[in-house]
Structure formats: structure tokens, C-alpha cells
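Source file: my_file_17.txt; contents: compact mmCIF, N, CA and C atoms.
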# COMPACT_ATOMS: atom_id res chain seq x y z
N MET A 61 18.79 52.46 158.69
CA MET A 61 18.66 53.43 157.62
C MET A 61 17.93 54.66 158.16
N ASP A 62 18.34 55.81 157.71
CA ASP A 62 17.76 57.07 158.12
C ASP A 62 16.27 57.12 157.78
N ILE A 63 15.48 57.70 158.66
CA ILE A 63 14.02 57.74 158.48
C ILE A 63 13.63 58.53 157.23
N LYS A 64 14.32 59.65 156.96
CA LYS A 64 14.01 60.44 155.77
C LYS A 64 14.32 59.64 154.50
N LEU A 65 15.40 58.90 154.53
CA LEU A 65 15.77 58.07 153.39
C LEU A 65 14.74 56.96 153.20
N GLN A 66 14.32 56.33 154.27
CA GLN A 66 13.28 55.29 154.19
C GLN A 66 11.99 55.87 153.61
N GLN A 67 11.63 57.07 154.05
CA GLN A 67 10.40 57.70 153.56
C GLN A 67 10.51 58.03 152.07
N GLU A 68 11.69 58.46 151.64
CA GLU A 68 11.89 58.75 150.22
C GLU A 68 11.77 57.48 149.38
N ILE A 69 12.32 56.38 149.89
CA ILE A 69 12.20 55.10 149.18
C ILE A 69 10.73 54.69 149.09
N VAL A 70 9.99 54.84 150.19
CA VAL A 70 8.56 54.51 150.18
C VAL A 70 7.81 55.39 149.17
N ASN A 71 8.14 56.69 149.14
CA ASN A 71 7.47 57.59 148.19
C ASN A 71 7.76 57.20 146.75
N VAL A 72 9.00 56.85 146.46
CA VAL A 72 9.34 56.43 145.10
C VAL A 72 8.63 55.12 144.77
N ASN A 73 8.58 54.19 145.73
CA ASN A 73 7.88 52.92 145.50
C ASN A 73 6.41 53.15 145.18
N LYS A 74 5.77 54.06 145.91
CA LYS A 74 4.36 54.39 145.64
C LYS A 74 4.21 54.98 144.24
N GLY A 75 5.13 55.87 143.89
CA GLY A 75 5.10 56.48 142.56
C GLY A 75 5.29 55.45 141.46
N VAL A 76 6.17 54.48 141.69
CA VAL A 76 6.40 53.43 140.70
C VAL A 76 5.16 52.55 140.56
N PHE A 77 4.46 52.30 141.65
CA PHE A 77 3.21 51.54 141.58
C PHE A 77 2.20 52.27 140.69
N ILE A 78 2.08 53.57 140.87
CA ILE A 78 1.17 54.37 140.03
C ILE A 78 1.66 54.35 138.58
N TYR A 79 2.98 54.47 138.39
CA TYR A 79 3.56 54.41 137.05
C TYR A 79 3.22 53.08 136.37
N ASP A 80 3.31 51.97 137.12
CA ASP A 80 2.98 50.66 136.56
C ASP A 80 1.52 50.57 136.15
N ILE A 81 0.63 51.14 136.95
CA ILE A 81 -0.79 51.14 136.59
C ILE A 81 -1.00 51.92 135.30
N VAL A 82 -0.35 53.08 135.20
CA VAL A 82 -0.46 53.88 133.97
C VAL A 82 0.12 53.11 132.78
N ALA A 83 1.25 52.42 133.00
CA ALA A 83 1.86 51.62 131.93
C ALA A 83 0.93 50.50 131.48
N ILE A 84 0.29 49.84 132.44
CA ILE A 84 -0.66 48.77 132.09
C ILE A 84 -1.84 49.34 131.30
N LEU A 85 -2.35 50.47 131.73
CA LEU A 85 -3.45 51.11 130.98
C LEU A 85 -3.00 51.47 129.57
N GLY A 86 -1.77 51.98 129.45
CA GLY A 86 -1.23 52.29 128.12
C GLY A 86 -1.09 51.05 127.26
N LEU A 87 -0.69 49.95 127.87
CA LEU A 87 -0.57 48.69 127.12
C LEU A 87 -1.93 48.19 126.66
N ILE A 88 -2.94 48.37 127.50
CA ILE A 88 -4.29 47.97 127.12
C ILE A 88 -4.77 48.82 125.93
N VAL A 89 -4.56 50.13 126.02
CA VAL A 89 -4.98 51.03 124.94
C VAL A 89 -4.23 50.71 123.64
N ALA A 90 -2.93 50.41 123.77
CA ALA A 90 -2.11 50.11 122.59
C ALA A 90 -2.30 48.68 122.09
N ASN A 91 -3.15 47.94 122.78
CA ASN A 91 -3.46 46.55 122.41
C ASN A 91 -2.22 45.63 122.49
N HIS A 92 -1.35 45.91 123.46
CA HIS A 92 -0.16 45.07 123.70
C HIS A 92 -0.22 44.41 125.07
N PHE A 93 -1.41 44.33 125.62
CA PHE A 93 -1.58 43.77 126.96
C PHE A 93 -1.64 42.25 126.87
N ASN A 94 -0.58 41.59 127.39
CA ASN A 94 -0.58 40.13 127.45
C ASN A 94 0.24 39.71 128.67
N MET A 95 0.21 38.43 128.96
CA MET A 95 0.86 37.93 130.18
C MET A 95 2.37 38.14 130.16
N SER A 96 3.02 37.94 129.02
CA SER A 96 4.47 38.12 128.97
C SER A 96 4.86 39.57 129.21
N MET A 97 4.04 40.50 128.75
CA MET A 97 4.31 41.92 128.98
C MET A 97 4.14 42.26 130.46
N ILE A 98 3.10 41.73 131.09
CA ILE A 98 2.85 41.99 132.51
C ILE A 98 3.97 41.37 133.36
N LEU A 99 4.34 40.12 133.04
CA LEU A 99 5.43 39.49 133.79
C LEU A 99 6.73 40.28 133.63
N GLY A 100 6.99 40.77 132.43
CA GLY A 100 8.17 41.59 132.19
C GLY A 100 8.13 42.88 132.98
N LEU A 101 6.97 43.52 133.00
CA LEU A 101 6.82 44.76 133.76
C LEU A 101 7.04 44.52 135.25
N VAL A 102 6.47 43.45 135.77
CA VAL A 102 6.63 43.12 137.19
C VAL A 102 8.10 42.82 137.52
N LEU A 103 8.75 42.02 136.69
CA LEU A 103 10.17 41.71 136.92
C LEU A 103 11.02 42.97 136.85
N GLY A 104 10.82 43.76 135.81
CA GLY A 104 11.58 45.01 135.68
C GLY A 104 11.37 45.94 136.85
N THR A 105 10.14 46.05 137.32
CA THR A 105 9.83 46.91 138.45
C THR A 105 10.50 46.41 139.73
N MET A 106 10.43 45.11 139.96
CA MET A 106 11.05 44.55 141.17
C MET A 106 12.56 44.78 141.17
N VAL A 107 13.19 44.56 140.03
CA VAL A 107 14.64 44.76 139.94
C VAL A 107 14.98 46.24 140.09
N ALA A 108 14.20 47.11 139.48
CA ALA A 108 14.46 48.54 139.57
C ALA A 108 14.32 49.04 141.01
N LEU A 109 13.30 48.57 141.72
CA LEU A 109 13.12 49.00 143.11
C LEU A 109 14.22 48.44 144.01
N MET A 110 14.65 47.20 143.75
CA MET A 110 15.77 46.63 144.49
C MET A 110 17.04 47.43 144.21
N ASN A 111 17.24 47.78 142.96
CA ASN A 111 18.40 48.56 142.54
C ASN A 111 18.39 49.93 143.22
N PHE A 112 17.24 50.57 143.26
CA PHE A 112 17.11 51.89 143.89
C PHE A 112 17.39 51.81 145.39
N THR A 113 16.88 50.78 146.05
CA THR A 113 17.12 50.59 147.48
C THR A 113 18.59 50.33 147.75
N MET A 114 19.21 49.51 146.90
CA MET A 114 20.65 49.25 147.05
C MET A 114 21.45 50.53 146.87
N LEU A 115 21.05 51.37 145.92
CA LEU A 115 21.73 52.64 145.69
C LEU A 115 21.61 53.54 146.92
N ALA A 116 20.43 53.61 147.50
CA ALA A 116 20.22 54.45 148.69
C ALA A 116 21.10 53.98 149.84
N LYS A 117 21.17 52.67 150.06
CA LYS A 117 22.01 52.13 151.13
C LYS A 117 23.48 52.38 150.85
N THR A 118 23.88 52.28 149.58
CA THR A 118 25.27 52.53 149.21
C THR A 118 25.66 53.98 149.50
N VAL A 119 24.81 54.91 149.11
CA VAL A 119 25.10 56.32 149.35
C VAL A 119 25.17 56.61 150.84
N GLU A 120 24.22 56.07 151.59
CA GLU A 120 24.20 56.31 153.03
C GLU A 120 25.47 55.76 153.69
N LYS A 121 25.90 54.59 153.30
CA LYS A 121 27.09 53.98 153.89
C LYS A 121 28.36 54.67 153.42
N SER A 122 28.40 55.11 152.17
CA SER A 122 29.59 55.75 151.61
C SER A 122 29.91 57.07 152.29
N VAL A 123 28.89 57.78 152.73
CA VAL A 123 29.08 59.08 153.38
C VAL A 123 29.91 58.94 154.65
N GLU A 124 29.80 57.81 155.32
CA GLU A 124 30.51 57.60 156.57
C GLU A 124 31.92 57.07 156.39
N MET A 125 32.34 56.80 155.14
CA MET A 125 33.66 56.22 154.87
C MET A 125 34.67 57.30 154.50
N SER A 126 35.92 56.89 154.46
CA SER A 126 36.96 57.78 153.95
C SER A 126 36.74 57.96 152.46
N PRO A 127 37.26 59.03 151.86
CA PRO A 127 37.05 59.24 150.42
C PRO A 127 37.48 58.06 149.55
N GLU A 128 38.64 57.49 149.83
CA GLU A 128 39.12 56.36 149.03
C GLU A 128 38.24 55.12 149.25
N GLY A 129 37.89 54.86 150.50
CA GLY A 129 37.02 53.72 150.80
C GLY A 129 35.65 53.88 150.17
N ALA A 130 35.13 55.11 150.20
CA ALA A 130 33.82 55.39 149.62
C ALA A 130 33.85 55.17 148.10
N LYS A 131 34.91 55.61 147.45
CA LYS A 131 35.03 55.41 146.00
C LYS A 131 35.02 53.94 145.65
N LEU A 132 35.82 53.16 146.37
CA LEU A 132 35.90 51.73 146.10
C LEU A 132 34.57 51.04 146.38
N TYR A 133 33.97 51.37 147.51
CA TYR A 133 32.70 50.75 147.90
C TYR A 133 31.60 51.11 146.90
N ALA A 134 31.49 52.39 146.56
CA ALA A 134 30.44 52.83 145.63
C ALA A 134 30.64 52.21 144.25
N SER A 135 31.88 52.14 143.80
CA SER A 135 32.17 51.55 142.49
C SER A 135 31.82 50.07 142.47
N THR A 136 32.16 49.37 143.54
CA THR A 136 31.85 47.94 143.63
C THR A 136 30.35 47.71 143.64
N GLN A 137 29.63 48.51 144.42
CA GLN A 137 28.18 48.37 144.48
C GLN A 137 27.53 48.70 143.14
N TYR A 138 28.05 49.71 142.46
CA TYR A 138 27.55 50.07 141.13
C TYR A 138 27.73 48.89 140.18
N PHE A 139 28.90 48.28 140.21
CA PHE A 139 29.19 47.14 139.36
C PHE A 139 28.23 45.99 139.65
N ILE A 140 27.98 45.73 140.91
CA ILE A 140 27.05 44.66 141.30
C ILE A 140 25.64 44.95 140.78
N ARG A 141 25.19 46.20 140.93
CA ARG A 141 23.85 46.56 140.45
C ARG A 141 23.74 46.41 138.94
N MET A 142 24.79 46.80 138.22
CA MET A 142 24.76 46.69 136.76
C MET A 142 24.81 45.22 136.30
N ILE A 143 25.53 44.38 137.05
CA ILE A 143 25.56 42.94 136.73
C ILE A 143 24.16 42.35 136.90
N ILE A 144 23.47 42.75 137.96
CA ILE A 144 22.11 42.26 138.19
C ILE A 144 21.20 42.66 137.03
N VAL A 145 21.28 43.92 136.61
CA VAL A 145 20.45 44.39 135.50
C VAL A 145 20.81 43.63 134.22
N ALA A 146 22.10 43.44 133.97
CA ALA A 146 22.53 42.70 132.78
C ALA A 146 22.00 41.27 132.80
N LEU A 147 22.06 40.62 133.96
CA LEU A 147 21.54 39.25 134.07
C LEU A 147 20.05 39.20 133.79
N VAL A 148 19.32 40.17 134.33
CA VAL A 148 17.87 40.22 134.11
C VAL A 148 17.58 40.41 132.63
N LEU A 149 18.30 41.30 131.97
CA LEU A 149 18.09 41.51 130.54
C LEU A 149 18.46 40.27 129.73
N PHE A 150 19.54 39.60 130.12
CA PHE A 150 19.95 38.37 129.44
C PHE A 150 18.88 37.29 129.58
N VAL A 151 18.39 37.09 130.80
CA VAL A 151 17.34 36.09 131.04
C VAL A 151 16.09 36.45 130.25
N THR A 152 15.77 37.73 130.20
CA THR A 152 14.58 38.18 129.46
C THR A 152 14.70 37.87 127.98
N VAL A 153 15.86 38.15 127.41
CA VAL A 153 16.05 37.89 125.98
C VAL A 153 15.95 36.40 125.68
N LYS A 154 16.44 35.57 126.59
CA LYS A 154 16.41 34.11 126.38
C LYS A 154 15.05 33.49 126.68
N SER A 155 14.22 34.18 127.45
CA SER A 155 12.94 33.63 127.88
C SER A 155 11.83 33.94 126.90
N LYS A 156 10.91 33.01 126.76
CA LYS A 156 9.73 33.24 125.93
C LYS A 156 8.56 33.77 126.76
N ARG A 157 8.70 33.72 128.07
CA ARG A 157 7.60 34.14 128.95
C ARG A 157 7.71 35.60 129.37
N LEU A 158 8.85 36.23 129.09
CA LEU A 158 9.05 37.62 129.48
C LEU A 158 9.21 38.48 128.23
N HIS A 159 8.53 39.62 128.24
CA HIS A 159 8.63 40.54 127.12
C HIS A 159 9.67 41.60 127.46
N LEU A 160 10.62 41.81 126.54
CA LEU A 160 11.72 42.74 126.78
C LEU A 160 11.23 44.16 127.02
N ILE A 161 10.24 44.60 126.25
CA ILE A 161 9.70 45.95 126.43
C ILE A 161 9.09 46.10 127.82
N GLY A 162 8.40 45.08 128.30
CA GLY A 162 7.82 45.13 129.65
C GLY A 162 8.90 45.27 130.71
N VAL A 163 9.98 44.50 130.57
CA VAL A 163 11.09 44.60 131.53
C VAL A 163 11.71 45.99 131.48
N LEU A 164 11.92 46.50 130.27
CA LEU A 164 12.51 47.84 130.15
C LEU A 164 11.61 48.91 130.74
N LEU A 165 10.30 48.78 130.53
CA LEU A 165 9.36 49.74 131.14
C LEU A 165 9.47 49.69 132.66
N GLY A 166 9.58 48.50 133.22
CA GLY A 166 9.73 48.36 134.66
C GLY A 166 11.05 48.92 135.16
N LEU A 167 12.12 48.68 134.43
CA LEU A 167 13.44 49.15 134.86
C LEU A 167 13.56 50.67 134.89
N ILE A 168 12.85 51.36 134.00
CA ILE A 168 12.95 52.82 133.99
C ILE A 168 11.94 53.49 134.93
N GLY A 169 11.09 52.70 135.56
CA GLY A 169 10.05 53.26 136.44
C GLY A 169 10.55 54.25 137.47
N PRO A 170 11.54 53.89 138.31
CA PRO A 170 12.01 54.85 139.32
C PRO A 170 12.57 56.14 138.71
N LYS A 171 13.24 56.03 137.58
CA LYS A 171 13.79 57.23 136.93
C LYS A 171 12.67 58.16 136.49
N VAL A 172 11.64 57.58 135.88
CA VAL A 172 10.50 58.38 135.42
C VAL A 172 9.81 59.04 136.61
N VAL A 173 9.62 58.29 137.68
CA VAL A 173 8.94 58.82 138.86
C VAL A 173 9.76 59.95 139.49
N ILE A 174 11.05 59.76 139.66
CA ILE A 174 11.89 60.79 140.29
C ILE A 174 11.93 62.05 139.42
N LEU A 175 12.12 61.90 138.12
CA LEU A 175 12.14 63.07 137.23
C LEU A 175 10.79 63.78 137.22
N SER A 176 9.70 63.02 137.18
CA SER A 176 8.37 63.62 137.18
C SER A 176 8.11 64.40 138.47
N ARG A 177 8.51 63.79 139.59
CA ARG A 177 8.32 64.48 140.88
C ARG A 177 9.12 65.76 140.94
N ASN A 178 10.36 65.73 140.46
CA ASN A 178 11.20 66.93 140.47
C ASN A 178 10.62 68.02 139.60
N ILE A 179 10.14 67.68 138.41
CA ILE A 179 9.52 68.67 137.52
C ILE A 179 8.28 69.25 138.17
N LEU A 180 7.45 68.39 138.75
CA LEU A 180 6.22 68.84 139.39
C LEU A 180 6.52 69.76 140.58
N PHE A 181 7.45 69.34 141.44
CA PHE A 181 7.78 70.15 142.62
C PHE A 181 8.44 71.46 142.24
N ASN A 182 9.23 71.49 141.19
CA ASN A 182 9.85 72.73 140.74
C ASN A 182 8.80 73.71 140.23
N LYS A 183 7.79 73.21 139.52
CA LYS A 183 6.71 74.08 139.04
C LYS A 183 5.91 74.64 140.21
N ILE A 184 5.67 73.81 141.22
CA ILE A 184 4.92 74.26 142.40
C ILE A 184 5.72 75.33 143.15
N LYS A 185 7.02 75.13 143.31
CA LYS A 185 7.87 76.10 144.01
C LYS A 185 7.91 77.43 143.26
N ARG A 186 7.94 77.40 141.94
CA ARG A 186 7.97 78.64 141.15
C ARG A 186 6.69 79.43 141.34
N LYS A 187 5.55 78.73 141.44
CA LYS A 187 4.28 79.42 141.63
C LYS A 187 4.19 80.05 143.01
N GLU A 188 4.86 79.44 144.01
CA GLU A 188 4.83 79.99 145.37
C GLU A 188 5.68 81.25 145.48
N LEU A 189 6.71 81.37 144.67
CA LEU A 189 7.60 82.53 144.73
C LEU A 189 6.93 83.67 144.06

Show how you would write the structure in this file as C-alpha cells.
Amino acid sequence: MDIKLQQEIVNVNKGVFIYDIVAILGLIVANHFNMSMILGLVLGTMVALMNFTMLAKTVEKSVEMSPEGAKLYASTQYFIRMIIVALVLFVTVKSKRLHLIGVLLGLIGPKVVILSRNILFNKIKRKEL
């Protein structure tokens, strides 16, 4: 894997760790802090980071393929990632030890981190101009 891509994955992982700490603090303040919520957050975070890493590898590999091969490969990988998320949500709904909100908070972690970083960096760039 490309070094810049690896570094971006590490940066997002660090951001998600900070996001999880903020989420836990928010749960404590909202008085929803319990073991099922924490287990859900951890599971959601692990699946989201795995999903993000799989996406990065898919994009990197697709670039080297023919257009038709890349479409098929990317579509197949997307389907696999969505099946994994669906299975996690199904298991969460059936489980009494996992809180659905915690899993959902974990699953959206990378999205929140990436959007927050982009907004922050865009504001910094505007001030430099």
C-alpha cells in the first residue's frame, strides 16, 4: 500500500479514536453511559475502520485495472462491505449486549472525522489566502 495512503488511514484512525472519546464523554453527560453502549461503540468503530481500510485498498487496486475490471471489482467490494455492515446491524438488533445507537455512532465515526477535517482544513486555507 502506498505510504501516503497508509498515513491517511492512520490519521483517520487517530481522529476516530478522538471522536470515540468525545462520544463517550457525550454519553456520560447525557446519562446513557453503560456497557452495552460502549460495546456497541467499539464494535461499530472496529467495523467502520475495517470498512474504511477495505475501501482504501479497493480504490488503490482499482486504479491499476482496466475500466471494466475496475467497475466490477469496486462494485463487488462495495457489496461485500455493505453485507458486513448489514450483518453487524442484524447481530446488534438481535443482541441484548449491544446498543444499536452505540454501533451507529461507531459506524459513522470515519465520516464525521473526514468531514470535520475537510471543513477545518478549508477554513485554514481560506485564512492563508

Open item on the list: Which residues are near range 152-164 of chain A? Cut-off 7 Å, all atoms listed in the file, ignore same chain within fewer than 6 positions. Put them as a ChimeraX atom specification.
Closed with: /A:95-105

TODO: Excluding Arg141 in chain A and any residue of its chain fewer than 4 positions from it, enumerate the residues within 12 Å of it, using only C-alpha atoms, and give them as a VMD selection string.
DONE: chain A and resid 107 to 116 118 134 to 137 145 to 148

Selection file, N, CA and C atoms, as an mmCIF file, keeping the file's coordinate frame:
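Printed below is out13.cif as written:
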data_model
loop_
_atom_site.group_PDB
_atom_site.id
_atom_site.type_symbol
_atom_site.label_atom_id
_atom_site.label_comp_id
_atom_site.auth_asym_id
_atom_site.auth_seq_id
_atom_site.Cartn_x
_atom_site.Cartn_y
_atom_site.Cartn_z
ATOM 1 N N VAL A 107 13.190 44.560 140.030
ATOM 2 C CA VAL A 107 14.640 44.760 139.940
ATOM 3 C C VAL A 107 14.980 46.240 140.090
ATOM 4 N N ALA A 108 14.200 47.110 139.480
ATOM 5 C CA ALA A 108 14.460 48.540 139.570
ATOM 6 C C ALA A 108 14.320 49.040 141.010
ATOM 7 N N LEU A 109 13.300 48.570 141.720
ATOM 8 C CA LEU A 109 13.120 49.000 143.110
ATOM 9 C C LEU A 109 14.220 48.440 144.010
ATOM 10 N N MET A 110 14.650 47.200 143.750
ATOM 11 C CA MET A 110 15.770 46.630 144.490
ATOM 12 C C MET A 110 17.040 47.430 144.210
ATOM 13 N N ASN A 111 17.240 47.780 142.960
ATOM 14 C CA ASN A 111 18.400 48.560 142.540
ATOM 15 C C ASN A 111 18.390 49.930 143.220
ATOM 16 N N PHE A 112 17.240 50.570 143.260
ATOM 17 C CA PHE A 112 17.110 51.890 143.890
ATOM 18 C C PHE A 112 17.390 51.810 145.390
ATOM 19 N N THR A 113 16.880 50.780 146.050
ATOM 20 C CA THR A 113 17.120 50.590 147.480
ATOM 21 C C THR A 113 18.590 50.330 147.750
ATOM 22 N N MET A 114 19.210 49.510 146.900
ATOM 23 C CA MET A 114 20.650 49.250 147.050
ATOM 24 C C MET A 114 21.450 50.530 146.870
ATOM 25 N N LEU A 115 21.050 51.370 145.920
ATOM 26 C CA LEU A 115 21.730 52.640 145.690
ATOM 27 C C LEU A 115 21.610 53.540 146.920
ATOM 28 N N ALA A 116 20.430 53.610 147.500
ATOM 29 C CA ALA A 116 20.220 54.450 148.690
ATOM 30 C C ALA A 116 21.100 53.980 149.840
ATOM 31 N N THR A 118 23.880 52.280 149.580
ATOM 32 C CA THR A 118 25.270 52.530 149.210
ATOM 33 C C THR A 118 25.660 53.980 149.500
ATOM 34 N N ALA A 134 31.490 52.390 146.560
ATOM 35 C CA ALA A 134 30.440 52.830 145.630
ATOM 36 C C ALA A 134 30.640 52.210 144.250
ATOM 37 N N SER A 135 31.880 52.140 143.800
ATOM 38 C CA SER A 135 32.170 51.550 142.490
ATOM 39 C C SER A 135 31.820 50.070 142.470
ATOM 40 N N THR A 136 32.160 49.370 143.540
ATOM 41 C CA THR A 136 31.850 47.940 143.630
ATOM 42 C C THR A 136 30.350 47.710 143.640
ATOM 43 N N GLN A 137 29.630 48.510 144.420
ATOM 44 C CA GLN A 137 28.180 48.370 144.480
ATOM 45 C C GLN A 137 27.530 48.700 143.140
ATOM 46 N N VAL A 145 21.280 43.920 136.610
ATOM 47 C CA VAL A 145 20.450 44.390 135.500
ATOM 48 C C VAL A 145 20.810 43.630 134.220
ATOM 49 N N ALA A 146 22.100 43.440 133.970
ATOM 50 C CA ALA A 146 22.530 42.700 132.780
ATOM 51 C C ALA A 146 22.000 41.270 132.800
ATOM 52 N N LEU A 147 22.060 40.620 133.960
ATOM 53 C CA LEU A 147 21.540 39.250 134.070
ATOM 54 C C LEU A 147 20.050 39.200 133.790
ATOM 55 N N VAL A 148 19.320 40.170 134.330
ATOM 56 C CA VAL A 148 17.870 40.220 134.110
ATOM 57 C C VAL A 148 17.580 40.410 132.630
#

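Between atom C of Lys121 in chain A and atom N of Tyr133 in chain A the interatomic distance comes to 8.8 Å.
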
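Our summary of the geometry notes that atom N of Leu175 in chain A is positioned 16.1 Å from atom C of Leu65 in chain A.
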
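Taking atom C of Val72 in chain A and atom C of Gly129 in chain A as endpoints, the distance between them is 27.6 Å.
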
Could you give me, as a Markdown table, a per-residue list for range 88-176 of chain A showing, wherever an atom lies at most 12 Å from an atom of range 180-189 of chain A, the closest pair of atoms and their distance in Å to one decimal, using only C-alpha atoms and sorting by chain then residue number from low to high?
| residue | atom | partner | partner_atom | distance |
| --- | --- | --- | --- | --- |
| A:Val172 | CA | A:Leu180 | CA | 12.0 |
| A:Val173 | CA | A:Leu180 | CA | 10.4 |
| A:Ile174 | CA | A:Leu180 | CA | 9.9 |
| A:Leu175 | CA | A:Leu180 | CA | 8.5 |
| A:Ser176 | CA | A:Leu180 | CA | 6.1 |

Could those selected residues go to a file with N, CA and C atoms, as a PDB file, in the frame of the given file?
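Written out: selection.pdb:
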ATOM      1  N   VAL A 172      11.640  57.580 135.880  1.00  0.00           N
ATOM      2  CA  VAL A 172      10.500  58.380 135.420  1.00  0.00           C
ATOM      3  C   VAL A 172       9.810  59.040 136.610  1.00  0.00           C
ATOM      4  N   VAL A 173       9.620  58.290 137.680  1.00  0.00           N
ATOM      5  CA  VAL A 173       8.940  58.820 138.860  1.00  0.00           C
ATOM      6  C   VAL A 173       9.760  59.950 139.490  1.00  0.00           C
ATOM      7  N   ILE A 174      11.050  59.760 139.660  1.00  0.00           N
ATOM      8  CA  ILE A 174      11.890  60.790 140.290  1.00  0.00           C
ATOM      9  C   ILE A 174      11.930  62.050 139.420  1.00  0.00           C
ATOM     10  N   LEU A 175      12.120  61.900 138.120  1.00  0.00           N
ATOM     11  CA  LEU A 175      12.140  63.070 137.230  1.00  0.00           C
ATOM     12  C   LEU A 175      10.790  63.780 137.220  1.00  0.00           C
ATOM     13  N   SER A 176       9.700  63.020 137.180  1.00  0.00           N
ATOM     14  CA  SER A 176       8.370  63.620 137.180  1.00  0.00           C
ATOM     15  C   SER A 176       8.110  64.400 138.470  1.00  0.00           C
TER      16      SER A 176
END

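With all atoms listed in the file as the basis for measurement, A:Asp80 is the residue among A:Val151, A:Asn94, A:Asp80, A:Ser122 that approaches Gly166 in chain A most closely.
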
Report, as lines of an AutoDock Vina configuration file, the axis-aligned box around all atoms of range 160-169 of chain A present in the file, extended by 5 Å on each side; give centre and edge lengths in Å to one decimal place.
center_x = 10.7
center_y = 48.0
center_z = 131.9
size_x = 15.7
size_y = 22.4
size_z = 21.2

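If you measure from each of A:Ile179, A:Ile144, A:Ile168, A:Ala130 to Ala83 in chain A using only C-alpha atoms, the closest one turns out to be A:Ile168.
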
- [ ] Pick out the residues sitting within 8 Å of Met61 in chain A, and hand them over as a VMD selection string; count all atoms listed in the file, and ignore anything fewer than 3 positions along from it in its own chain.
- [x] chain A and resid 64 to 67 117 120

Open item on the list: Give me, as a count of residues only, all polymer residues having an atom no more than 12 Å from Val82 in chain A, counting only C-alpha atoms and skipping those fewer than 3 positions away in the same chain.
Closed with: 16

Atoms kept (all heavy atoms) for range 81-87 of chain A, as a PDB file, in the first residue's frame:
ATOM      1  N   ILE A  81     -13.711   9.117  22.049  1.00  0.00           N
ATOM      2  CA  ILE A  81     -13.579   9.704  23.388  1.00  0.00           C
ATOM      3  C   ILE A  81     -14.630  10.790  23.590  1.00  0.00           C
ATOM      4  O   ILE A  81     -15.291  10.841  24.634  1.00  0.00           O
ATOM      5  CB  ILE A  81     -12.149  10.253  23.608  1.00  0.00           C
ATOM      6  CG1 ILE A  81     -11.157   9.085  23.696  1.00  0.00           C
ATOM      7  CG2 ILE A  81     -12.088  11.117  24.873  1.00  0.00           C
ATOM      8  CD1 ILE A  81      -9.706   9.499  23.720  1.00  0.00           C
ATOM      9  N   VAL A  82     -14.807  11.632  22.576  1.00  0.00           N
ATOM     10  CA  VAL A  82     -15.833  12.686  22.664  1.00  0.00           C
ATOM     11  C   VAL A  82     -17.225  12.060  22.772  1.00  0.00           C
ATOM     12  O   VAL A  82     -18.067  12.527  23.552  1.00  0.00           O
ATOM     13  CB  VAL A  82     -15.734  13.636  21.442  1.00  0.00           C
ATOM     14  CG1 VAL A  82     -16.915  14.594  21.391  1.00  0.00           C
ATOM     15  CG2 VAL A  82     -14.415  14.404  21.476  1.00  0.00           C
ATOM     16  N   ALA A  83     -17.467  10.982  22.004  1.00  0.00           N
ATOM     17  CA  ALA A  83     -18.764  10.299  22.071  1.00  0.00           C
ATOM     18  C   ALA A  83     -19.006   9.718  23.460  1.00  0.00           C
ATOM     19  O   ALA A  83     -20.118   9.824  23.998  1.00  0.00           O
ATOM     20  CB  ALA A  83     -18.833   9.199  21.013  1.00  0.00           C
ATOM     21  N   ILE A  84     -17.978   9.120  24.041  1.00  0.00           N
ATOM     22  CA  ILE A  84     -18.114   8.565  25.396  1.00  0.00           C
ATOM     23  C   ILE A  84     -18.402   9.677  26.406  1.00  0.00           C
ATOM     24  O   ILE A  84     -19.273   9.531  27.272  1.00  0.00           O
ATOM     25  CB  ILE A  84     -16.858   7.758  25.787  1.00  0.00           C
ATOM     26  CG1 ILE A  84     -16.800   6.456  24.980  1.00  0.00           C
ATOM     27  CG2 ILE A  84     -16.829   7.466  27.285  1.00  0.00           C
ATOM     28  CD1 ILE A  84     -15.506   5.697  25.094  1.00  0.00           C
ATOM     29  N   LEU A  85     -17.699  10.788  26.284  1.00  0.00           N
ATOM     30  CA  LEU A  85     -17.965  11.924  27.179  1.00  0.00           C
ATOM     31  C   LEU A  85     -19.394  12.428  26.995  1.00  0.00           C
ATOM     32  O   LEU A  85     -20.076  12.756  27.975  1.00  0.00           O
ATOM     33  CB  LEU A  85     -16.956  13.044  26.941  1.00  0.00           C
ATOM     34  CG  LEU A  85     -15.513  12.738  27.340  1.00  0.00           C
ATOM     35  CD1 LEU A  85     -14.586  13.873  26.918  1.00  0.00           C
ATOM     36  CD2 LEU A  85     -15.405  12.473  28.829  1.00  0.00           C
ATOM     37  N   GLY A  86     -19.858  12.480  25.749  1.00  0.00           N
ATOM     38  CA  GLY A  86     -21.240  12.882  25.486  1.00  0.00           C
ATOM     39  C   GLY A  86     -22.242  11.912  26.090  1.00  0.00           C
ATOM     40  O   GLY A  86     -23.280  12.327  26.618  1.00  0.00           O
ATOM     41  N   LEU A  87     -21.924  10.630  26.030  1.00  0.00           N
ATOM     42  CA  LEU A  87     -22.806   9.626  26.632  1.00  0.00           C
ATOM     43  C   LEU A  87     -22.854   9.764  28.149  1.00  0.00           C
ATOM     44  O   LEU A  87     -23.908   9.578  28.770  1.00  0.00           O
ATOM     45  CB  LEU A  87     -22.350   8.217  26.247  1.00  0.00           C
ATOM     46  CG  LEU A  87     -22.530   7.834  24.781  1.00  0.00           C
ATOM     47  CD1 LEU A  87     -21.819   6.522  24.487  1.00  0.00           C
ATOM     48  CD2 LEU A  87     -24.002   7.756  24.424  1.00  0.00           C
TER      49      LEU A  87
END
